[in-house]
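A.B. asks: Input structure: run21.tsv, which contains TSV, C-alpha atoms.
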chain	number	residue	atom	x	y	z
A	1	MET	CA	63.23	71.90	45.06
A	2	PRO	CA	61.17	68.71	44.61
A	3	THR	CA	61.38	67.13	41.17
A	4	ALA	CA	58.39	65.76	39.31
A	5	GLU	CA	58.29	61.98	39.04
A	6	PRO	CA	55.91	59.67	37.16
A	7	LEU	CA	52.98	58.59	39.31
A	8	HIS	CA	50.22	56.09	38.81
A	9	PRO	CA	47.66	57.10	36.15
A	10	ALA	CA	44.57	58.74	37.63
A	11	ALA	CA	42.42	55.93	36.28
A	12	ASP	CA	44.21	53.53	38.63
A	13	LEU	CA	43.38	55.54	41.77
A	14	PRO	CA	40.21	56.07	43.84
A	15	ALA	CA	38.45	59.38	43.23
A	16	HIS	CA	39.44	60.85	46.60
A	17	ASP	CA	43.11	60.07	45.90
A	18	VAL	CA	42.86	61.72	42.48
A	19	ALA	CA	41.47	64.84	44.19
A	20	ARG	CA	44.34	64.78	46.67
A	21	LEU	CA	46.86	64.75	43.84
A	22	ALA	CA	45.27	67.68	41.97
A	23	ASP	CA	47.21	70.91	41.41
A	24	PRO	CA	46.60	73.27	44.38
A	25	ARG	CA	46.92	76.21	41.97
A	26	THR	CA	43.57	75.28	40.40
A	27	THR	CA	41.73	73.47	43.20
A	28	THR	CA	42.05	75.78	46.22
A	29	PRO	CA	38.47	76.95	46.95
A	30	PRO	CA	37.50	80.59	47.61
A	31	GLY	CA	37.96	81.64	51.19
A	32	THR	CA	40.80	79.16	51.69
A	33	LEU	CA	44.59	79.25	51.67
A	34	THR	CA	46.24	75.91	50.96
A	35	VAL	CA	49.54	75.67	52.82
A	36	PHE	CA	52.08	72.90	52.24
A	37	SER	CA	54.52	72.76	55.15
A	38	ASP	CA	56.32	70.66	57.71
A	39	ILE	CA	55.96	71.08	61.47
A	40	TRP	CA	59.69	71.26	62.19
A	41	CYS	CA	60.36	73.87	59.50
A	42	SER	CA	61.27	77.19	61.11
A	43	PHE	CA	60.35	79.14	57.97
A	44	ALA	CA	56.87	77.59	58.13
A	45	HIS	CA	56.60	78.52	61.80
A	46	VAL	CA	57.14	82.16	60.83
A	47	ALA	CA	54.72	82.02	57.89
A	48	LEU	CA	51.92	80.31	59.84
A	49	TYR	CA	52.29	82.72	62.74
A	50	ARG	CA	51.98	85.63	60.32
A	51	LEU	CA	48.98	84.12	58.54
A	52	HIS	CA	47.14	83.61	61.82
A	53	SER	CA	48.00	87.01	63.28
A	54	THR	CA	47.29	88.92	60.05
A	55	ARG	CA	43.97	87.15	59.56
A	56	GLU	CA	42.95	88.09	63.10
A	57	ARG	CA	44.11	91.70	62.71
A	58	LEU	CA	42.06	92.07	59.51
A	59	GLY	CA	38.96	90.54	61.10
A	60	LEU	CA	38.95	87.61	58.65
A	61	THR	CA	39.13	84.72	61.11
A	62	GLU	CA	35.64	83.50	60.24
A	63	ARG	CA	35.99	84.15	56.51
A	64	VAL	CA	39.37	82.69	55.61
A	65	ARG	CA	40.41	79.14	56.46
A	66	ILE	CA	43.80	77.45	56.19
A	67	ASP	CA	43.88	74.04	54.56
A	68	HIS	CA	47.02	72.35	55.85
A	69	ARG	CA	48.79	69.95	53.51
A	70	ALA	CA	51.89	67.95	54.38
A	71	PHE	CA	55.32	68.73	52.96
A	72	PRO	CA	57.23	65.94	54.76
A	73	LEU	CA	60.84	67.06	54.70
A	74	GLU	CA	62.13	63.71	55.91
A	75	MET	CA	60.61	62.06	52.83
A	76	PHE	CA	62.14	64.66	50.50
A	77	ASN	CA	65.51	64.48	52.26
A	78	ASP	CA	65.50	60.74	52.99
A	79	GLY	CA	66.22	61.45	56.63
A	80	PRO	CA	65.24	63.48	59.71
A	81	SER	CA	66.08	67.08	60.48
A	82	PRO	CA	69.08	67.20	62.85
A	83	ARG	CA	68.95	69.11	66.10
A	84	ARG	CA	72.03	71.17	65.20
A	85	GLY	CA	70.26	72.59	62.16
A	86	THR	CA	67.13	73.36	64.14
A	87	ASP	CA	69.01	75.16	66.90
A	88	SER	CA	70.95	77.24	64.38
A	89	GLU	CA	67.71	78.26	62.68
A	90	VAL	CA	66.22	79.39	65.99
A	91	GLY	CA	69.24	81.61	66.53
A	92	GLY	CA	68.89	83.18	63.10
A	93	ILE	CA	65.15	83.36	62.56
A	94	ALA	CA	63.61	84.03	65.99
A	95	ARG	CA	64.53	87.71	65.73
A	96	ILE	CA	62.25	88.09	62.71
A	97	GLU	CA	59.08	87.05	64.58
A	98	PRO	CA	59.95	86.76	68.29
A	99	ASP	CA	56.28	86.57	69.28
A	100	ALA	CA	55.86	83.31	67.37
A	101	GLY	CA	57.53	81.51	70.29
A	102	TRP	CA	61.05	80.09	70.18
A	103	GLN	CA	63.68	78.46	72.32
A	104	MET	CA	66.73	76.31	71.79
A	105	TRP	CA	65.99	72.65	72.48
A	106	ARG	CA	65.92	72.28	76.28
A	107	SER	CA	64.60	68.75	76.76
A	108	PRO	CA	66.99	65.76	76.90
A	109	ASP	CA	68.71	65.00	73.61
A	110	TRP	CA	67.06	61.59	73.39
A	111	LYS	CA	63.66	63.29	73.26
A	112	PHE	CA	64.47	65.37	70.18
A	113	PRO	CA	62.03	64.20	67.48
A	114	SER	CA	63.42	61.88	64.84
A	115	THR	CA	60.25	62.21	62.76
A	116	SER	CA	57.40	64.66	62.18
A	117	LEU	CA	55.11	62.15	60.49
A	118	PHE	CA	52.88	61.55	63.53
A	119	ALA	CA	52.40	65.33	63.80
A	120	LEU	CA	51.62	65.74	60.10
A	121	GLU	CA	49.21	62.80	60.21
A	122	ALA	CA	47.43	64.19	63.26
A	123	VAL	CA	46.76	67.51	61.54
A	124	GLN	CA	45.25	65.67	58.57
A	125	LEU	CA	43.10	63.61	60.94
A	126	ALA	CA	41.93	66.80	62.66
A	127	LYS	CA	40.59	67.99	59.29
A	128	GLU	CA	37.92	65.30	59.65
A	129	GLN	CA	36.65	67.50	62.50
A	130	GLY	CA	36.86	70.61	60.32
A	131	LEU	CA	39.56	72.94	59.02
A	132	GLU	CA	39.29	75.00	62.19
A	133	ALA	CA	40.24	71.98	64.31
A	134	ALA	CA	43.18	71.23	62.01
A	135	GLU	CA	44.37	74.84	62.25
A	136	ALA	CA	44.23	74.70	66.03
A	137	LEU	CA	46.13	71.43	66.30
A	138	ASP	CA	48.75	72.48	63.75
A	139	LEU	CA	49.41	75.68	65.68
A	140	ALA	CA	49.52	73.79	69.00
A	141	VAL	CA	52.08	71.29	67.70
A	142	ARG	CA	54.28	74.02	66.26
A	143	GLN	CA	54.23	75.90	69.56
A	144	ALA	CA	54.93	72.69	71.46
A	145	PHE	CA	58.06	72.02	69.41
A	146	TRP	CA	59.49	75.47	68.78
A	147	ALA	CA	58.57	77.22	72.04
A	148	HIS	CA	58.40	74.39	74.60
A	149	SER	CA	60.79	71.64	73.41
A	150	ARG	CA	58.15	68.94	73.54
A	151	PRO	CA	58.97	65.61	71.83
A	152	ILE	CA	56.49	65.78	68.96
A	153	GLY	CA	58.02	62.72	67.32
A	154	ALA	CA	56.24	60.51	69.87
A	155	ARG	CA	52.72	59.23	69.27
A	156	SER	CA	51.86	59.75	72.94
A	157	GLU	CA	52.92	63.41	72.82
A	158	ILE	CA	50.82	64.12	69.73
A	159	ILE	CA	47.77	62.53	71.33
A	160	ALA	CA	48.37	64.54	74.52
A	161	LEU	CA	48.56	67.74	72.48
A	162	ALA	CA	45.35	66.85	70.65
A	163	ARG	CA	43.59	66.32	73.96
A	164	GLU	CA	44.90	69.66	75.24
A	165	THR	CA	43.77	71.61	72.18
A	166	PRO	CA	40.29	73.18	72.43
A	167	GLY	CA	38.00	72.12	69.60
A	168	VAL	CA	39.91	68.91	68.87
A	169	ARG	CA	38.79	65.44	69.92
A	170	GLY	CA	41.94	63.67	70.99
A	171	ASP	CA	40.24	60.26	71.03
A	172	LEU	CA	39.56	60.54	67.31
A	173	ILE	CA	43.15	61.56	66.62
A	174	ALA	CA	44.41	58.55	68.56
A	175	GLU	CA	42.04	56.25	66.68
A	176	GLY	CA	43.21	57.58	63.32
A	177	LEU	CA	46.90	57.32	64.18
A	178	ASP	CA	46.41	53.71	65.21
A	179	ASP	CA	44.45	52.60	62.16
A	180	GLY	CA	47.02	54.23	59.87
A	181	ARG	CA	44.64	55.98	57.50
A	182	ALA	CA	46.42	59.34	57.70
A	183	ARG	CA	49.79	57.98	56.54
A	184	ARG	CA	48.34	57.60	53.05
A	185	LEU	CA	47.17	61.22	53.10
A	186	VAL	CA	50.66	62.44	53.96
A	187	THR	CA	52.15	60.23	51.24
A	188	LEU	CA	49.67	61.57	48.68
A	189	ASP	CA	50.60	65.13	49.66
A	190	PHE	CA	54.26	64.20	49.15
A	191	GLN	CA	53.41	62.88	45.67
A	192	CYS	CA	51.26	65.93	44.90
A	193	ALA	CA	54.13	68.24	45.85
A	194	ARG	CA	56.50	66.42	43.50
A	195	ARG	CA	54.01	66.32	40.65
A	196	HIS	CA	53.02	69.98	40.80
A	197	ARG	CA	56.34	71.48	41.87
A	198	VAL	CA	55.37	72.61	45.31
A	199	ARG	CA	58.72	74.18	45.97
A	200	CYS	CA	59.32	74.17	49.70
A	201	SER	CA	57.96	74.38	53.22
A	202	PRO	CA	55.98	76.60	53.37
A	203	HIS	CA	54.30	77.12	50.00
A	204	VAL	CA	50.98	78.98	50.06
A	205	PHE	CA	48.27	78.82	47.37
A	206	ALA	CA	45.16	80.98	46.95
A	207	SER	CA	41.97	80.34	44.98
A	208	ASP	CA	42.83	82.87	42.26
A	209	GLY	CA	45.99	80.95	41.36
A	210	SER	CA	48.33	83.18	43.35
A	211	GLU	CA	51.12	81.41	45.19
A	212	TRP	CA	53.95	82.30	47.54
A	213	ALA	CA	56.90	79.97	48.07
A	214	ASN	CA	58.42	80.66	51.47
A	215	PRO	CA	56.87	84.13	51.89
A	216	GLY	CA	59.20	86.46	53.75
A	217	VAL	CA	62.34	84.46	52.97
A	218	GLU	CA	64.11	87.58	51.71
A	219	GLU	CA	63.59	89.23	55.08
A	220	ILE	CA	64.84	86.13	56.89
A	221	THR	CA	67.90	85.37	54.77
A	222	GLY	CA	68.74	88.77	53.33
A	223	ARG	CA	68.52	87.31	49.79
Starting from the file, lay out its structure as C-alpha cells.
C.D. replies:
Amino acid sequence: MPTAEPLHPAADLPAHDVARLADPRTTTPPGTLTVFSDIWCSFAHVALYRLHSTRERLGLTERVRIDHRAFPLEMFNDGPSPRRGTDSEVGGIARIEPDAGWQMWRSPDWKFPSTSLFALEAVQLAKEQGLEAAEALDLAVRQAFWAHSRPIGARSEIIALARETPGVRGDLIAEGLDDGRARRLVTLDFQCARRHRVRCSPHVFASDGSEWANPGVEEITGR
C-alpha cells in the first residue's frame, strides 16, 4: 500500500496541479468513475473489462464515463514488472475473465516492456480529446499487451496503437509524448495516490464517495 509523504504546499502549485492532487473521494463528478490503475496490472485488466462490459449490459455507455488516472507501479516499486510475474498472473487470473483476452508473452523476450509510462502518458493525452477517447485507447493498449504480446513499452508502438484506435487522433498523442507534458500528469497522479492512500491498481472511486480497492480480488485470490 502506498504511504503518504509530504508534498509541496498547494499555494506553491498551479491551480490545475492542485486539482490533480485533490482527493478522488470528494472530487469525482456525477456520472463518472475515477479509476487509478496501471496498464500491465492483470487485476486492473479484469476490473476494466468488467466495468466496460457491465456498463454496456446495463445500457449506461452514454451516461457513465471512466476517468483514467495513473497508478504507475514502476514508480511505487522502483522498478519494472518482470515477465515471470506477468506470465504467472496470466496463468492464475485468465480463468476468472477469459473473455478479457489473455496469452502468455509470445513475442521475443527483448520486446517485453520495461516500462508502462509511455502507455500511461498516452491515455492521459487522449483525455484532451475527451474521456471517451481515453477509454478507447486505454482498452486498446491493455488488449495489445495482455492478448497480443505487443511491446507497449516502446513509443512507436503506443503511437501505432493510438492511430489504430477509432476516435483517437494518433498525431496528437505523438505530439504530446514528444513535448513531455503528460509525464507531469502521471507524476501528479503518483503523488495524489500517495497523499490520499489510493491503495492499489485498480482502485475505483464514485461521486458519492464510494470506493473499491481491487474489486473482485477475493474471487481472484480466494482471500
A.B. asks: Name the closest residue to Arg150 (chain A) among the candidates A:Glu128, A:Leu172, A:Ala134, A:Ala119; distances are taken between atoms, counting all atoms listed in the file.
C.D. replies: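 Comparing A:Glu128, A:Leu172, A:Ala134, A:Ala119 against Arg150 (chain A), the winner is A:Ala119.
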A.B. asks: In terms of the shortest atom-to-atom distance over all atoms listed in the file, which of A:Ala182, A:Ile173, A:Leu21, A:Met104 is closest to Arg194 (chain A)?
C.D. replies: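 Among the listed residues, A:Leu21 lies closest to Arg194 (chain A).
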A.B. asks: Tell me which of A:Ala144, A:Ala47, A:Ala154, A:Ala136 sits closest to Gln124 (chain A), counting all atoms listed in the file.
C.D. replies: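 Residue with the minimum atom-to-atom distance to Gln124 (chain A): A:Ala136.
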A.B. asks: Between CA of Phe71 (chain A) and CA of Gln103 (chain A), what is the distance in Å, rounded to a tenth?
C.D. replies: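 Atom-to-atom, CA of Phe71 (chain A) to CA of Gln103 (chain A), that is 23.2 Å.
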A.B. asks: Name all residues at most 12 Å from Arg169 (chain A) (count all atoms listed in the file; drop same-chain ones fewer than 5 positions away) and give them as number ranges by chain.
C.D. replies: A: 122-123, 125-130, 133-134, 136-137, 159-164, 174-176
A.B. asks: Excluding Phe76 (chain A) and its own-chain neighbours fewer than 4 positions away, which residues fall within 12 Å of it when counting only C-alpha atoms? Please give them as a list in words.
C.D. replies: Met1, Pro2, Thr3, Ala4, Asp38, Ala70, Phe71, Pro72, Pro80, Ser81, Thr187, Asp189, Phe190, Gln191, Ala193, Arg194, Val198, Arg199, Cys200 and Ser201 of chain A
A.B. asks: Please determine an axis-aligned box that encloses all atoms of region 140-150 of chain A listed in the file, with 8 Å added on each side, and express its centre and edge lengths in Å to one decimal as lines of an AutoDock Vina configuration file.
C.D. replies:
center_x = 55.2
center_y = 73.1
center_z = 70.4
size_x = 27.3
size_y = 24.3
size_z = 24.3
A.B. asks: Restricting the calculation to only C-alpha atoms: of A:Pro215, A:Gly167, A:Gly31, A:Pro151, which residue gets closest to Arg106 (chain A)?
C.D. replies: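 Comparing A:Pro215, A:Gly167, A:Gly31, A:Pro151 against Arg106 (chain A), the winner is A:Pro151.
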A.B. asks: Can you list, as a compact mmCIF listing (two decimals) with C-alpha atoms, in the coordinates of the input, every protein, DNA or RNA residue that comes within 10 Å of Ala100 (chain A) when you count only C-alpha atoms, leaving out same-chain residues fewer than 6 positions away?
C.D. replies:
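Final output, part.txt:
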# COMPACT_ATOMS: atom_id res chain seq x y z
CA HIS A 45 56.60 78.52 61.80
CA VAL A 46 57.14 82.16 60.83
CA ALA A 47 54.72 82.02 57.89
CA LEU A 48 51.92 80.31 59.84
CA TYR A 49 52.29 82.72 62.74
CA ARG A 50 51.98 85.63 60.32
CA SER A 53 48.00 87.01 63.28
CA ALA A 94 63.61 84.03 65.99
CA ARG A 142 54.28 74.02 66.26
CA GLN A 143 54.23 75.90 69.56
CA TRP A 146 59.49 75.47 68.78
CA ALA A 147 58.57 77.22 72.04
A.B. asks: Which one of A:Val141, A:Met75, A:Ile93, A:Ile152 sits closest to Ser107 (chain A) if you count all atoms listed in the file?
C.D. replies: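 Among A:Val141, A:Met75, A:Ile93, A:Ile152, it is A:Ile152 that comes nearest to Ser107 (chain A).
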A.B. asks: Show me, as a VMD selection string, the residues that have an atom within 7 Å of Ile66 (chain A) when counting all atoms listed in the file, minus same-chain residues fewer than 2 positions from it.
C.D. replies: chain A and resid 32 to 35 64 68 131 135
A.B. asks: What's the separation between CA of Asn214 (chain A) and CA of Asp109 (chain A), in Å to one decimal place?
C.D. replies: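 Atom-to-atom, CA of Asn214 (chain A) and CA of Asp109 (chain A) are spaced 29.0 Å apart.
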A.B. asks: Rank A:Gly79, A:Ala206, A:Ser114, A:Val90 by their smallest atom-to-atom distance to Arg65 (chain A), using only C-alpha atoms, and report the top residue only.
C.D. replies: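 Closest to Arg65 (chain A) of all the choices is A:Ala206.
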A.B. asks: Report, in Å to a single decimal, how far apart CA of Glu89 (chain A) and CA of His203 (chain A) are.
C.D. replies: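 Distance reported for this atom pair: 18.5 Å.
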A.B. asks: Within 12 Å of (43.5, 67.9, 45.2) (coordinates as in the file), grab all the protein and nucleic acid residues, counting all atoms listed in the file, and write them out as a CSV table (one decimal) with C-alpha atoms, in the frame of the given file.
C.D. replies:
chain,number,residue,atom,x,y,z
A,10,ALA,CA,44.6,58.7,37.6
A,15,ALA,CA,38.4,59.4,43.2
A,16,HIS,CA,39.4,60.8,46.6
A,17,ASP,CA,43.1,60.1,45.9
A,18,VAL,CA,42.9,61.7,42.5
A,19,ALA,CA,41.5,64.8,44.2
A,20,ARG,CA,44.3,64.8,46.7
A,21,LEU,CA,46.9,64.8,43.8
A,22,ALA,CA,45.3,67.7,42.0
A,23,ASP,CA,47.2,70.9,41.4
A,24,PRO,CA,46.6,73.3,44.4
A,25,ARG,CA,46.9,76.2,42.0
A,26,THR,CA,43.6,75.3,40.4
A,27,THR,CA,41.7,73.5,43.2
A,28,THR,CA,42.0,75.8,46.2
A,29,PRO,CA,38.5,77.0,47.0
A,34,THR,CA,46.2,75.9,51.0
A,67,ASP,CA,43.9,74.0,54.6
A,69,ARG,CA,48.8,70.0,53.5
A,185,LEU,CA,47.2,61.2,53.1
A,188,LEU,CA,49.7,61.6,48.7
A,189,ASP,CA,50.6,65.1,49.7
A,191,GLN,CA,53.4,62.9,45.7
A,192,CYS,CA,51.3,65.9,44.9
A,193,ALA,CA,54.1,68.2,45.8
A,195,ARG,CA,54.0,66.3,40.6
A,196,HIS,CA,53.0,70.0,40.8
